[in-house]
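Before any comments, here is the structure.
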Amino acid sequence: MTYDLQRHHRRSLRLKGYDYSQAGAYFVTICANHRKCLFGEVVDGEMRMNDAGRMIEKWWLELNRAFPNMETDEYVVMPNHVHGIVVIVGPDHVGADLRVCPDAMGAHHGGAHIGAPLPAIIQWFKTMTTNEYIRGVRTSGWTPFAGKLWQRNYYEHIVRDESSLHRIREYIVNNPLQWALDRENPEGAVRAPSPAKDEPWCV
């Protein structure tokens with residue numbers, strides 16, 4: 001499927017002139033522990049979220065209210081992971097200085113975020129979804145998980161330019177179609193290439 005901005009883009013970035021070389025936009029993948037498929041299933045190339053998957057989607061979108069200095073871009077909830085683009089834009093992001101994560105939010109060195117809020121954002125998302133999932137197990141019969149709902153770490157890749165942004169958006173939109181080849185599919189036979197070459201995935 002060809003990526004169509006008007007059809008697929010859920011939340012338009014309000015960052016005209018945004019400089020992606022500032023390393024403030026990230027392609028993030030968060031994986032369920034042991035790659036357990038808890039959030040729904042892919043049928044005929046479409047993701048069909050169950051109640052747990054819809055809960056995961058709810059908290060992903062809630063990030064925009066919980067963290068005023070960030071915006072979510074394209075995303076998808078898959079059976080055992082979430083792909084999404086997170087853009088950290090600073091406290092006065094609309095029409096303001098578009099340096100991402102200025103000194104007040106943590107300095108950048110060598111393209112890596114040091115003290116930047118991305119880890120706090122992901123931890124908040126994991127905490128909120130884990131707490132509600134536990135309630136779902138107790139009250140609605142959701143599939144229990146062993147140990148933790150999410151893997152300890154997460155994958156991130158800096159979105160450095162518009163071309164990379166377009167490629168990653170297309171990858172996210174097409175992820176359900178590629179589920180049979182997805183590296184996170186526990187029943188998949190072949191691993192599909194990452195949209196970001198030579199980058200690690202969930203660890």
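In the structure tokens, the first chain shown is A, the next is B, and so on; residue numbers restart at 1 for each chain, and ligands run from 1 in the order shown.
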Query raised in the report: Got a sec: who's within 9 Å of A:Leu38, counting only C-alpha atoms, leaving out chain neighbours fewer than 6 positions off, as a PyMOL selection string?
Result: chain A and resi 32+50+52-53+79-80+142-145
Query - Selection near A:Met49, 6 Å with only C-alpha atoms, sequence-local residues under 4 positions removed, as a VMD selection string - result: chain A and resid 39 to 40 53 to 54
Selected residues, N, CA and C atoms, written as a short mmCIF file (atom, residue, chain, number, x, y, z; two decimals), in the first residue's frame, please.
```
data_model
loop_
_atom_site.label_atom_id
_atom_site.label_comp_id
_atom_site.auth_asym_id
_atom_site.auth_seq_id
_atom_site.Cartn_x
_atom_site.Cartn_y
_atom_site.Cartn_z
N PHE A 39 -2.82 -7.88 22.21
CA PHE A 39 -3.57 -6.68 21.86
C PHE A 39 -4.51 -6.84 20.66
N GLY A 40 -4.65 -8.06 20.17
CA GLY A 40 -5.52 -8.30 19.03
C GLY A 40 -4.85 -9.20 18.02
N GLY A 53 -6.06 -3.90 23.16
CA GLY A 53 -5.43 -3.08 22.13
C GLY A 53 -6.00 -1.69 22.07
N ARG A 54 -7.33 -1.59 22.22
CA ARG A 54 -7.96 -0.26 22.23
C ARG A 54 -7.53 0.54 23.45
#
```
Report task. Just give me the gap between atom CA of A:Ile158 and atom CA of A:Ile88 in Å, one decimal is fine. Result -> 11.2 Å
**Report entry** Which residue of A:Met128, A:Val43, A:Ile85, A:Leu63 approaches A:Arg169 most closely, using only C-alpha atoms
**Finding:**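 Closest residue, counting only C-alpha atoms: A:Ile85.
Our summary of the geometry notes that atom CA of A:Phe27 is positioned 13.3 Å from atom CA of A:Ile121.
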Query raised in the report: Looking only at the backbone, which of the residues in stretch 134-195 of chain A does DSSP tag as helix (DSSP H, G or I), as a ChimeraX atom specification?
Result: /A:134-140,162-181
